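Structure data (mmCIF, C-alpha atoms) from query07.cif:
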data_data
loop_
_atom_site.label_atom_id
_atom_site.label_comp_id
_atom_site.auth_asym_id
_atom_site.auth_seq_id
_atom_site.Cartn_x
_atom_site.Cartn_y
_atom_site.Cartn_z
CA MET A 1 0.00 0.00 0.00
CA GLY A 2 1.32 3.44 -0.74
CA ILE A 3 1.56 6.59 1.29
CA ASN A 4 -1.82 8.25 1.71
CA GLY A 5 -2.44 11.35 3.77
CA LEU A 6 -0.54 11.08 7.04
CA GLY A 7 0.10 7.36 7.02
CA TYR A 8 0.70 4.20 5.08
CA GLY A 9 -0.12 0.57 5.50
CA MET A 10 1.60 -2.68 4.66
CA TYR A 11 0.11 -6.10 4.39
CA MET A 12 1.21 -9.67 3.96
CA MET A 13 -1.02 -12.45 2.79
CA PRO A 14 -0.94 -15.93 1.31
CA ALA A 15 0.45 -15.83 -2.22
CA GLN A 16 -2.63 -17.35 -3.82
CA SER A 17 -4.66 -14.25 -2.91
CA MET A 18 -2.09 -12.13 -4.79
CA GLY A 19 -2.73 -13.98 -8.06
CA TYR A 20 -0.05 -16.64 -7.64
CA ASP A 21 -1.25 -20.17 -8.34
CA ALA A 22 0.44 -21.50 -5.23
CA VAL A 23 -2.17 -23.73 -3.61
CA VAL A 24 -2.85 -27.17 -5.00
CA GLY A 25 -5.81 -27.80 -2.72
CA ALA A 26 -7.43 -31.18 -2.20
CA ARG A 27 -7.46 -32.20 -5.87
CA GLY A 28 -5.46 -35.32 -6.51
CA THR A 29 -4.81 -36.13 -2.87
CA GLU A 30 -5.72 -39.37 -1.22
CA THR A 31 -7.85 -38.70 1.83
CA VAL A 32 -8.26 -40.76 4.94
CA GLY A 33 -11.95 -41.45 5.55
CA LYS A 34 -11.96 -40.86 9.29
CA THR A 35 -12.93 -38.01 11.53
CA GLY A 36 -11.32 -36.96 14.76
CA VAL A 37 -7.57 -36.71 15.33
CA ASP A 38 -5.34 -37.39 12.33
CA ALA A 39 -1.65 -38.28 12.24
CA THR A 40 -0.68 -34.66 12.90
CA GLY A 41 -2.99 -34.38 15.89
CA MET A 42 -4.95 -31.55 14.32
CA GLY A 43 -8.30 -33.30 13.88
CA GLY A 44 -8.58 -32.79 10.14
CA LYS A 45 -10.40 -34.84 7.55
CA GLY A 46 -8.51 -34.10 4.32
CA VAL A 47 -5.08 -35.42 5.24
CA SER A 48 -3.31 -37.53 2.64
CA ALA A 49 -2.39 -41.15 3.31
CA SER A 50 1.16 -40.05 4.12
CA GLY A 51 -0.17 -37.83 6.93
CA GLU A 52 0.61 -34.49 5.32
CA CYS A 53 -1.86 -31.88 4.08
CA GLN A 54 -1.10 -30.73 0.53
CA THR A 55 -2.78 -27.35 1.04
CA CYS A 56 -0.59 -26.51 4.04
CA LYS A 57 2.45 -27.94 2.29
CA ASN A 58 1.93 -25.74 -0.78
CA ARG A 59 0.75 -22.52 0.95
CA LYS A 60 3.07 -19.59 0.19
CA TYR A 61 3.20 -16.07 1.60
CA VAL A 62 4.17 -12.84 -0.17
CA ASP A 63 4.55 -9.23 0.98
CA GLY A 64 2.13 -6.85 -0.71
CA SER A 65 3.73 -3.55 0.31
CA ASN A 66 5.90 -1.14 -1.65
CA GLU A 67 8.77 -1.40 0.87
CA GLY A 68 11.74 -3.10 -0.70
CA ASN A 69 13.70 -3.91 2.46
CA VAL A 70 11.32 -6.41 4.06
CA SER A 71 11.07 -10.19 3.87
CA PHE A 72 8.73 -12.22 1.64
CA LYS A 73 9.02 -10.05 -1.47
CA THR A 74 8.88 -13.31 -3.43
CA PRO A 75 6.42 -16.07 -2.48
CA ALA A 76 7.81 -18.33 0.24
CA HIS A 77 6.44 -21.28 2.20
CA ILE A 78 5.77 -20.99 5.94
CA SER A 79 4.58 -24.03 7.86
CA PRO A 80 1.38 -23.59 9.89
CA GLU A 81 3.37 -24.16 13.09
CA ASN A 82 5.73 -21.28 12.27
CA SER A 83 3.24 -18.94 10.59
CA ALA A 84 2.53 -16.82 13.69
CA ALA A 85 6.19 -16.14 14.44
CA ALA A 86 7.14 -15.54 10.79
CA VAL A 87 4.26 -13.15 10.06
CA ARG A 88 4.72 -11.32 13.37
CA SER A 89 8.44 -10.91 12.63
CA HIS A 90 7.68 -9.69 9.11
CA GLU A 91 5.17 -7.10 10.33
CA GLN A 92 7.74 -5.93 12.91
CA GLU A 93 10.03 -5.08 9.98
CA HIS A 94 7.37 -2.65 8.76
CA VAL A 95 7.09 -1.12 12.25
CA ALA A 96 10.89 -0.69 12.37
CA ASN A 97 10.79 1.08 8.99
CA ALA A 98 8.05 3.39 10.26
CA ARG A 99 10.09 4.19 13.38
CA ALA A 100 13.05 5.09 11.18
CA LYS A 101 10.89 7.36 9.01
CA GLY A 102 9.28 8.92 12.09
CA SER A 103 12.62 9.74 13.67
CA LYS A 104 13.70 11.97 10.77
CA GLU A 105 13.54 15.74 10.95
CA ASN A 106 10.03 17.19 10.40
CA ALA A 107 8.46 13.74 10.95
CA GLU A 108 6.73 12.17 13.93
CA LEU A 109 5.50 8.60 14.28
CA VAL A 110 1.99 9.02 15.66
CA SER A 111 0.91 5.36 15.78
CA ALA A 112 1.81 1.87 14.59
CA ASN A 113 -0.70 -0.97 14.73
CA VAL A 114 -0.26 -4.60 13.70
CA ARG A 115 -3.14 -7.01 13.06
CA LEU A 116 -2.59 -10.71 12.46
CA HIS A 117 -5.24 -12.67 10.57
CA THR A 118 -5.97 -16.32 11.25
CA ALA A 119 -7.65 -18.98 9.15
CA VAL A 120 -8.40 -22.68 9.23
CA CYS A 121 -7.12 -24.99 6.51
CA PRO A 122 -10.12 -26.43 4.63
CA GLU A 123 -8.26 -29.69 3.99
CA CYS A 124 -6.84 -30.64 7.40
CA GLY A 125 -8.62 -28.24 9.79
CA ARG A 126 -5.38 -26.81 11.17
CA ALA A 127 -5.46 -23.20 12.40
CA TYR A 128 -2.70 -20.91 11.13
CA VAL A 129 -1.86 -17.22 10.80
CA SER A 130 -2.90 -16.35 7.27
CA GLY A 131 -1.39 -12.87 7.09
CA GLY A 132 -0.97 -9.53 8.76
CA VAL A 133 -1.53 -5.83 8.30
CA THR A 134 0.64 -3.04 9.69
CA THR A 135 -0.91 0.41 9.72
CA THR A 136 1.23 3.38 10.68
CA THR A 137 0.58 7.10 10.88
CA ILE A 138 3.45 9.52 10.40
CA LYS A 139 2.92 13.25 10.70
CA TYR A 140 5.17 15.34 8.47
CA THR A 141 5.64 19.06 9.15
CA ASN A 142 7.34 21.58 6.91
CA GLU A 143 7.10 25.16 8.13
CA GLU A 144 8.51 26.59 4.88
CA ASN A 145 5.83 24.96 2.75
CA PRO A 146 3.30 27.66 1.66
CA TYR A 147 0.45 25.13 1.85
CA THR A 148 1.34 24.31 5.45
CA LYS A 149 1.40 28.02 6.34
CA MET A 150 -2.00 28.54 4.69
CA GLN A 151 -3.45 25.47 6.48
CA LYS A 152 -2.22 26.76 9.85
CA ALA A 153 -3.76 30.17 9.17
CA MET A 154 -7.09 28.55 8.25
CA ASP A 155 -6.98 26.38 11.38
CA ALA A 156 -6.25 29.44 13.53
CA ASP A 157 -9.22 31.28 12.00
CA ALA A 158 -11.49 28.30 12.58
CA VAL A 159 -10.70 27.94 16.29
CA ALA A 160 -10.41 31.64 17.17
CA GLY A 161 -12.89 32.38 19.94
CA SER A 162 -13.79 28.75 20.50
CA PHE A 163 -12.42 28.63 24.02
CA VAL A 164 -13.60 31.85 25.63
CA ASP A 165 -14.09 31.92 29.41
CA MET A 166 -17.01 34.31 30.00
CA ALA A 167 -17.03 33.73 33.78
CA GLY A 168 -13.59 35.28 34.35
#
Please go through the file and, once you have read it, give me the structure as structure tokens.
Amino acid sequence: MGINGLGYGMYMMPAQSMGYDAVVGARGTETVGKTGVDATGMGGKGVSASGECQTCKNRKYVDGSNEGNVSFKTPAHISPENSAAAVRSHEQEHVANARAKGSKENAELVSANVRLHTAVCPECGRAYVSGGVTTTTIKYTNEENPYTKMQKAMDADAVAGSFVDMAG
């Protein structure tokens, strides 16, 4: 996501939602016809005879932001067991970039929020972190900019007289 207004947002999601044909799904897999706990202990129903879920095995993640110095710029596999740590670490890279931008002159990091999204594999029923979104707000000030001067003058006119104490 690009810079818009005072902030910008980054997101990471499974590669198949970005147009990559990365998920094979349940087609062509041999399923075990039982319910309850499977060989992985996850209680799924679409696990192959070898005990591994093809959807989880083939799931790939890719970064959808315009920041070039973060991980997962190309689709990469993350196991369901490691998805929370990997996505959390990736989103922290975006927060670190925002802190660096907010520490520059005429810039202030106002907020940084990270949301992790979870999903359940339709094939094996395993829960995993399916992606994350980092939203940051950076306030930039430039006193020499004529538009900034005009905006401050308009704001001053708008609030003039708003806080009058008539009792005093």
| By how many Å are CA of Asp63 (chain A) and CA of Tyr128 (chain A) apart? | 17.1 Å
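Between CA of Asp157 (chain A) and CA of Gly102 (chain A) the interatomic distance comes to 29.0 Å.
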| query | Closest to Asn82 (chain A) among A:Asn97, A:Gln54, A:Asn66, A:Ser130, using only C-alpha atoms? | reply | A:Ser130
| Given the PyMOL selection byres ((chain A and resi 140-156) around 10), the residues it picks as a list in words |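 When the PyMOL selection byres ((chain A and resi 140-156) around 10) is applied, the selected residues are Gly5, Leu6, Gly7, Lys101, Gly102, Lys104, Glu105, Asn106, Ala107, Glu108, Leu109, Thr137, Ile138, Lys139, Asp157, Ala158, Val159, Ala160 and Gly161 of chain A.
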| Suppose you want the space between CA of Val62 (chain A) and CA of Asn113 (chain A); what is it in Å? | 19.7 Å
| task | Report the residues retrieved by the PyMOL selection byres ((chain A and resi 78) around 12) from the displayed file, expressed as a VMD selection string. | result | chain A and resid 13 to 15 55 to 62 72 75 to 77 79 to 87 90 128 to 131
Keeping only C-alpha atoms, write the selected residues as a PDB file, in the frame of the given file.
ATOM      1  CA  MET A  13      -1.020 -12.450   2.790  1.00  0.00           C
ATOM      2  CA  PRO A  14      -0.940 -15.930   1.310  1.00  0.00           C
ATOM      3  CA  ALA A  15       0.450 -15.830  -2.220  1.00  0.00           C
ATOM      4  CA  THR A  55      -2.780 -27.350   1.040  1.00  0.00           C
ATOM      5  CA  CYS A  56      -0.590 -26.510   4.040  1.00  0.00           C
ATOM      6  CA  LYS A  57       2.450 -27.940   2.290  1.00  0.00           C
ATOM      7  CA  ASN A  58       1.930 -25.740  -0.780  1.00  0.00           C
ATOM      8  CA  ARG A  59       0.750 -22.520   0.950  1.00  0.00           C
ATOM      9  CA  LYS A  60       3.070 -19.590   0.190  1.00  0.00           C
ATOM     10  CA  TYR A  61       3.200 -16.070   1.600  1.00  0.00           C
ATOM     11  CA  VAL A  62       4.170 -12.840  -0.170  1.00  0.00           C
ATOM     12  CA  PHE A  72       8.730 -12.220   1.640  1.00  0.00           C
ATOM     13  CA  PRO A  75       6.420 -16.070  -2.480  1.00  0.00           C
ATOM     14  CA  ALA A  76       7.810 -18.330   0.240  1.00  0.00           C
ATOM     15  CA  HIS A  77       6.440 -21.280   2.200  1.00  0.00           C
ATOM     16  CA  SER A  79       4.580 -24.030   7.860  1.00  0.00           C
ATOM     17  CA  PRO A  80       1.380 -23.590   9.890  1.00  0.00           C
ATOM     18  CA  GLU A  81       3.370 -24.160  13.090  1.00  0.00           C
ATOM     19  CA  ASN A  82       5.730 -21.280  12.270  1.00  0.00           C
ATOM     20  CA  SER A  83       3.240 -18.940  10.590  1.00  0.00           C
ATOM     21  CA  ALA A  84       2.530 -16.820  13.690  1.00  0.00           C
ATOM     22  CA  ALA A  85       6.190 -16.140  14.440  1.00  0.00           C
ATOM     23  CA  ALA A  86       7.140 -15.540  10.790  1.00  0.00           C
ATOM     24  CA  VAL A  87       4.260 -13.150  10.060  1.00  0.00           C
ATOM     25  CA  HIS A  90       7.680  -9.690   9.110  1.00  0.00           C
ATOM     26  CA  TYR A 128      -2.700 -20.910  11.130  1.00  0.00           C
ATOM     27  CA  VAL A 129      -1.860 -17.220  10.800  1.00  0.00           C
ATOM     28  CA  SER A 130      -2.900 -16.350   7.270  1.00  0.00           C
ATOM     29  CA  GLY A 131      -1.390 -12.870   7.090  1.00  0.00           C
TER      30      GLY A 131
END
| Which is closest to Ala98 (chain A) among A:Arg115, A:Glu67, A:Pro122, A:Ala167, if we use all atoms listed in the file? |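 Closest to Ala98 (chain A) of all the choices is A:Glu67.
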| task | Show which residues sit within 8 Å of Val114 (chain A), as number ranges by chain. Count all atoms listed in the file, and ignore same-chain residues fewer than 6 positions away. | result | A: 91, 132-135
| request: Go through A:Thr136, A:Ser162, A:Thr74, A:Asn69 and flag the residue nearest Arg99 (chain A), using all atoms listed in the file for the distances. | output: A:Thr136
| query | Restricting the calculation to only C-alpha atoms, which member of A:Arg88, A:Val70, A:Phe163, A:Ala96 is positioned closest to Leu116 (chain A)? | reply |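 Going through A:Arg88, A:Val70, A:Phe163, A:Ala96 one by one, the smallest distance to Leu116 (chain A) is for A:Arg88.
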